[in-house]
Amino acid sequence: MKTTKKSTKSSAKAAKSKKSVKTPAAKVAASAKTAAKTPANAKSAPQKSPAQKRKSDQYDDPNYNYLHYWDGRDYEDESERMALTRLLKGKHFKHATDIGGGYGRLCIFLEQYADKVTLAEPSQQQLDIAKDFLKEHKEIDRKLMQADDMKFKDGTIDLLTMIRVMHHLPNPAAEFAEIARVLADDGYAIIEMANYAHGRNRLKHFIKGQKLPAEPVDISSAKYARKDEIPFVNHNPHTVIKQLGQAGLKVERVLSVSNLRSQTLKKVMPRKVMLAFENVMQPMMSGSFFGPSIFLLVRKGK
C-alpha cells in the first residue's frame with residue numbers, strides 16, 4: 001500500500017548493496033507451510049501474544065500524506081480499478097469492506113457493487129483524511145481496525161478487498177485466518193500482492209542461474225530502516241496461494257496488474273495507450289505472474 005521501513009537486522013544486509021535489497025527481511029520459511037507458521041520478523045523470535053502485536057499505525061506520521069502519494073500515479077490507480085471491474089463484473093454484495101484502505105481511495109468505487117461499504121484502516125490519520133475525502137459519501141463507514149484483528153462477526157462480509165497491504169506482511173497467516181473467519185460462505189475476497197516473481201526479476205534470476213526465493217524478499221532501502229517499523233516486502237505468488245489454502249481459502253482467478261509500471265514509459269507513452277495494453281495484458285499475463293502487482297480472487301474452499 002505505501003512506502004515503509006524495515007528492521008535493523010535487514011538494513012545491515014541491505015546496506016551492502018546500492019540496488020534493491022536481495023536478501024529477505026525475515027527467514028519466514030523455505031516452504032509455504034513453514035512460512036505460514038514461522039514468525040516473520042526474526043529467525044527465532046517467540047510468537048507474540050495479541051497484546052504484543054505491532055500496530056500497523058505507521059501512516060499516522062504527520063509528515064506523510066498517503067493522499068499525495070497518488071499524485072502522478074494515475075496509470076496504477078486506473079489499472080487497479082480495471083482489475084477490480086474485471087473481477088467484480090456481474091456481482092453485487094450486501095456488505096463490502098476495504099481492509100487497509102487508507103483514505104478511502106477505492107471505497108467510492110466499491111459502492112457500485114455493494115449496498116454497504118466499510119473502510120477498515122489501522123491509521124487514525126488516514127481515517128481523518130478519509131473524513132474529508134468521503135464527505136460526499138457519508139454512508140461509507142470508517143472503522144479503525146487491524147487486518148489481523150477485524151471487528152466483524154463471523155461470516156458477515158460478502159466482499160472483502162485488501163489492496164496494497166500484503167507488502168507489509170512477511171507472514172500473512174493471521175490476516176488470512178481473519179479473512180476466512182469474517183468472509184461469508186458465498187463471499188469473495190480480492191487480495192493484491194506485491195509480486196517478487198515479476199517479469200524483470202525472473203529474467204535477472206535466470207541470467208544469474210538463481211531460483212526465485214519462496215520466502216518474502218525485503219525491498220526497502222537501508223537508509224529508511226528503523227527497528228520499530230513494519231517490513232516492506234515482495235512475495236512469491238506460489239507461496240501466497242499455498243498460504244491462502246492453509247487458511248481455507250481458494251484462489252479462483254488471477255490477474256497480472258500494472259504490467260507497464262515504469263517512470264520511463266509514463267514519459268513517452270500516453271496513458272490511454274498504456275491502459276489499452278494493460279487491458280489486454282491483465283488476463284493474458286496472469287499465468288506467468290508477469291506484473292509487479294498480482295490480484296487474486298479468493299473464496300472459501302469447498
# chains A, B, ... in the order shown; residues from 1 in each chain; ligands from 1
call {"tool": "select_by_dssp", "arguments": {"residues": "range 102-294 of chain A", "states": "strand (DSSP E or B)", "output": "JSON, numbers by chain"}}
result
{"A": [114, 115, 116, 117, 118, 119, 120, 121, 141, 142, 143, 144, 146, 149, 157, 158, 159, 160, 161, 162, 183, 184, 185, 186, 187, 188, 189, 190, 191, 192, 193, 194, 195, 217, 218, 233, 234, 235, 249, 250, 251, 252, 253, 254, 255, 256, 257, 293, 294]}
call {"tool": "write_last_selection", "arguments": {"atoms": "N, CA and C atoms", "output": "compact mmCIF listing (two decimals), in the first residue's frame"}}
result
# COMPACT_ATOMS: atom_id res chain seq x y z
N ALA A 114 -21.91 -2.79 -3.94
CA ALA A 114 -22.37 -3.23 -2.62
C ALA A 114 -23.39 -2.25 -2.03
N ASP A 115 -24.30 -2.80 -1.22
CA ASP A 115 -25.27 -1.97 -0.54
C ASP A 115 -24.62 -1.14 0.57
N LYS A 116 -23.60 -1.71 1.21
CA LYS A 116 -22.91 -1.04 2.30
C LYS A 116 -21.41 -1.23 2.12
N VAL A 117 -20.64 -0.16 2.37
CA VAL A 117 -19.19 -0.22 2.25
C VAL A 117 -18.56 0.29 3.55
N THR A 118 -17.56 -0.45 4.03
CA THR A 118 -16.83 -0.06 5.24
C THR A 118 -15.35 0.09 4.92
N LEU A 119 -14.80 1.24 5.26
CA LEU A 119 -13.36 1.46 5.18
C LEU A 119 -12.76 1.01 6.50
N ALA A 120 -11.92 -0.01 6.47
CA ALA A 120 -11.26 -0.53 7.67
C ALA A 120 -9.78 -0.22 7.57
N GLU A 121 -9.28 0.61 8.47
CA GLU A 121 -7.93 1.16 8.34
C GLU A 121 -7.28 1.29 9.72
N ASP A 141 -18.92 3.72 5.99
CA ASP A 141 -18.43 3.67 7.37
C ASP A 141 -16.91 3.73 7.40
N ARG A 142 -16.37 4.31 8.46
CA ARG A 142 -14.92 4.36 8.67
C ARG A 142 -14.63 3.71 10.01
N LYS A 143 -13.84 2.63 9.99
CA LYS A 143 -13.55 1.88 11.20
C LYS A 143 -12.05 1.75 11.41
N LEU A 144 -11.60 2.00 12.64
CA LEU A 144 -10.21 1.82 13.00
C LEU A 144 -10.00 0.36 13.40
N GLN A 146 -7.25 -3.41 12.69
CA GLN A 146 -6.10 -4.10 12.12
C GLN A 146 -6.58 -5.24 11.22
N ASP A 149 -7.04 -8.43 13.12
CA ASP A 149 -7.99 -8.38 14.23
C ASP A 149 -9.20 -7.55 13.81
N ILE A 157 -19.16 -10.64 6.04
CA ILE A 157 -18.66 -9.83 4.93
C ILE A 157 -18.73 -10.66 3.65
N ASP A 158 -19.44 -10.17 2.66
CA ASP A 158 -19.51 -10.95 1.42
C ASP A 158 -18.63 -10.39 0.31
N LEU A 159 -17.98 -9.24 0.54
CA LEU A 159 -16.92 -8.77 -0.35
C LEU A 159 -15.86 -8.09 0.50
N LEU A 160 -14.65 -8.60 0.41
CA LEU A 160 -13.52 -8.03 1.13
C LEU A 160 -12.40 -7.76 0.15
N THR A 161 -11.89 -6.54 0.17
CA THR A 161 -10.73 -6.21 -0.66
C THR A 161 -9.56 -5.84 0.26
N MET A 162 -8.37 -6.26 -0.13
CA MET A 162 -7.16 -5.91 0.61
C MET A 162 -6.09 -5.58 -0.42
N LEU A 183 -15.38 -13.79 6.24
CA LEU A 183 -15.95 -13.92 4.90
C LEU A 183 -17.15 -14.87 4.92
N ALA A 184 -18.23 -14.43 4.28
CA ALA A 184 -19.42 -15.27 4.16
C ALA A 184 -19.10 -16.49 3.30
N ASP A 185 -19.86 -17.56 3.48
CA ASP A 185 -19.61 -18.80 2.74
C ASP A 185 -19.68 -18.59 1.23
N ASP A 186 -20.54 -17.67 0.80
CA ASP A 186 -20.66 -17.39 -0.64
C ASP A 186 -19.98 -16.08 -1.01
N GLY A 187 -19.14 -15.56 -0.12
CA GLY A 187 -18.49 -14.28 -0.35
C GLY A 187 -17.21 -14.39 -1.16
N TYR A 188 -16.67 -13.23 -1.52
CA TYR A 188 -15.44 -13.13 -2.29
C TYR A 188 -14.46 -12.20 -1.58
N ALA A 189 -13.18 -12.52 -1.71
CA ALA A 189 -12.12 -11.61 -1.28
C ALA A 189 -11.23 -11.35 -2.48
N ILE A 190 -10.79 -10.11 -2.61
CA ILE A 190 -9.81 -9.75 -3.64
C ILE A 190 -8.56 -9.27 -2.91
N ILE A 191 -7.49 -10.04 -3.05
CA ILE A 191 -6.25 -9.75 -2.35
C ILE A 191 -5.17 -9.40 -3.37
N GLU A 192 -4.58 -8.24 -3.20
CA GLU A 192 -3.49 -7.82 -4.07
C GLU A 192 -2.17 -8.09 -3.36
N MET A 193 -1.19 -8.55 -4.10
CA MET A 193 0.12 -8.79 -3.51
C MET A 193 1.21 -8.18 -4.37
N ALA A 194 2.20 -7.59 -3.70
CA ALA A 194 3.39 -7.09 -4.39
C ALA A 194 4.22 -8.30 -4.81
N ASN A 195 4.47 -8.42 -6.10
CA ASN A 195 4.98 -9.65 -6.70
C ASN A 195 6.49 -9.61 -6.94
N VAL A 217 10.77 -11.21 0.17
CA VAL A 217 12.04 -10.51 -0.03
C VAL A 217 11.86 -9.05 0.38
N ASP A 218 12.73 -8.60 1.26
CA ASP A 218 12.67 -7.22 1.74
C ASP A 218 13.24 -6.30 0.66
N VAL A 233 7.91 -5.76 1.88
CA VAL A 233 8.36 -6.96 1.18
C VAL A 233 7.59 -7.21 -0.10
N ASN A 234 8.21 -7.99 -0.97
CA ASN A 234 7.54 -8.57 -2.13
C ASN A 234 7.42 -10.07 -1.92
N HIS A 235 6.38 -10.67 -2.49
CA HIS A 235 6.06 -12.06 -2.24
C HIS A 235 6.22 -12.93 -3.49
N LEU A 249 -8.82 -20.91 2.13
CA LEU A 249 -9.23 -20.00 1.06
C LEU A 249 -8.68 -20.50 -0.28
N LYS A 250 -9.52 -20.44 -1.30
CA LYS A 250 -9.16 -20.96 -2.61
C LYS A 250 -9.13 -19.84 -3.64
N VAL A 251 -8.06 -19.78 -4.42
CA VAL A 251 -7.92 -18.78 -5.48
C VAL A 251 -8.69 -19.24 -6.71
N GLU A 252 -9.63 -18.41 -7.15
CA GLU A 252 -10.44 -18.75 -8.33
C GLU A 252 -9.95 -18.08 -9.60
N ARG A 253 -9.32 -16.91 -9.44
CA ARG A 253 -8.87 -16.19 -10.63
C ARG A 253 -7.68 -15.31 -10.28
N VAL A 254 -6.79 -15.14 -11.26
CA VAL A 254 -5.58 -14.35 -11.07
C VAL A 254 -5.49 -13.31 -12.19
N LEU A 255 -5.07 -12.09 -11.84
CA LEU A 255 -4.81 -11.06 -12.84
C LEU A 255 -3.43 -10.47 -12.60
N SER A 256 -2.72 -10.20 -13.68
CA SER A 256 -1.44 -9.51 -13.63
C SER A 256 -1.71 -8.02 -13.85
N VAL A 257 -1.29 -7.17 -12.91
CA VAL A 257 -1.74 -5.77 -12.89
C VAL A 257 -0.55 -4.80 -12.87
N SER A 293 2.27 -6.32 -9.67
CA SER A 293 1.12 -6.43 -8.77
C SER A 293 0.22 -7.56 -9.24
N ILE A 294 -0.14 -8.45 -8.33
CA ILE A 294 -0.99 -9.59 -8.68
C ILE A 294 -2.28 -9.51 -7.87
call {"tool": "closest_atom_pairs", "arguments": {"of": "range 142-230 of chain A", "to": "range 267-286 of chain A", "cutoff": "12 Å", "atoms": "only C-alpha atoms", "output": "Markdown table"}}
result
| residue | atom | partner | partner_atom | distance |
| --- | --- | --- | --- | --- |
| A:Asn195 | CA | A:Ser286 | CA | 11.7 |
| A:Ala197 | CA | A:Ser286 | CA | 11.7 |
| A:His198 | CA | A:Met285 | CA | 10.2 |
| A:Gly199 | CA | A:Met285 | CA | 9.7 |
call {"tool": "write_last_selection", "arguments": {"atoms": "C-alpha atoms", "output": "CSV table (one decimal), in the first residue's frame"}}
result
chain,number,residue,atom,x,y,z
A,195,ASN,CA,5.0,-9.6,-6.7
A,197,ALA,CA,8.3,-13.0,-9.3
A,198,HIS,CA,7.5,-10.3,-11.9
A,199,GLY,CA,9.0,-10.4,-15.4
call {"tool": "atom_distance", "arguments": {"atom1": "CA of Gln126 in chain A", "atom2": "CA of Val298 in chain A"}}
result
26.5 Å
call {"tool": "atom_distance", "arguments": {"atom1": "CA of Gly90 in chain A", "atom2": "CA of Tyr113 in chain A"}}
result
8.9 Å
call {"tool": "select_by_dssp", "arguments": {"residues": "range 61-155 of chain A", "states": "alpha helix (DSSP H)", "output": "number ranges by chain"}}
result
A: 66-69, 74-88, 107-110, 124-133
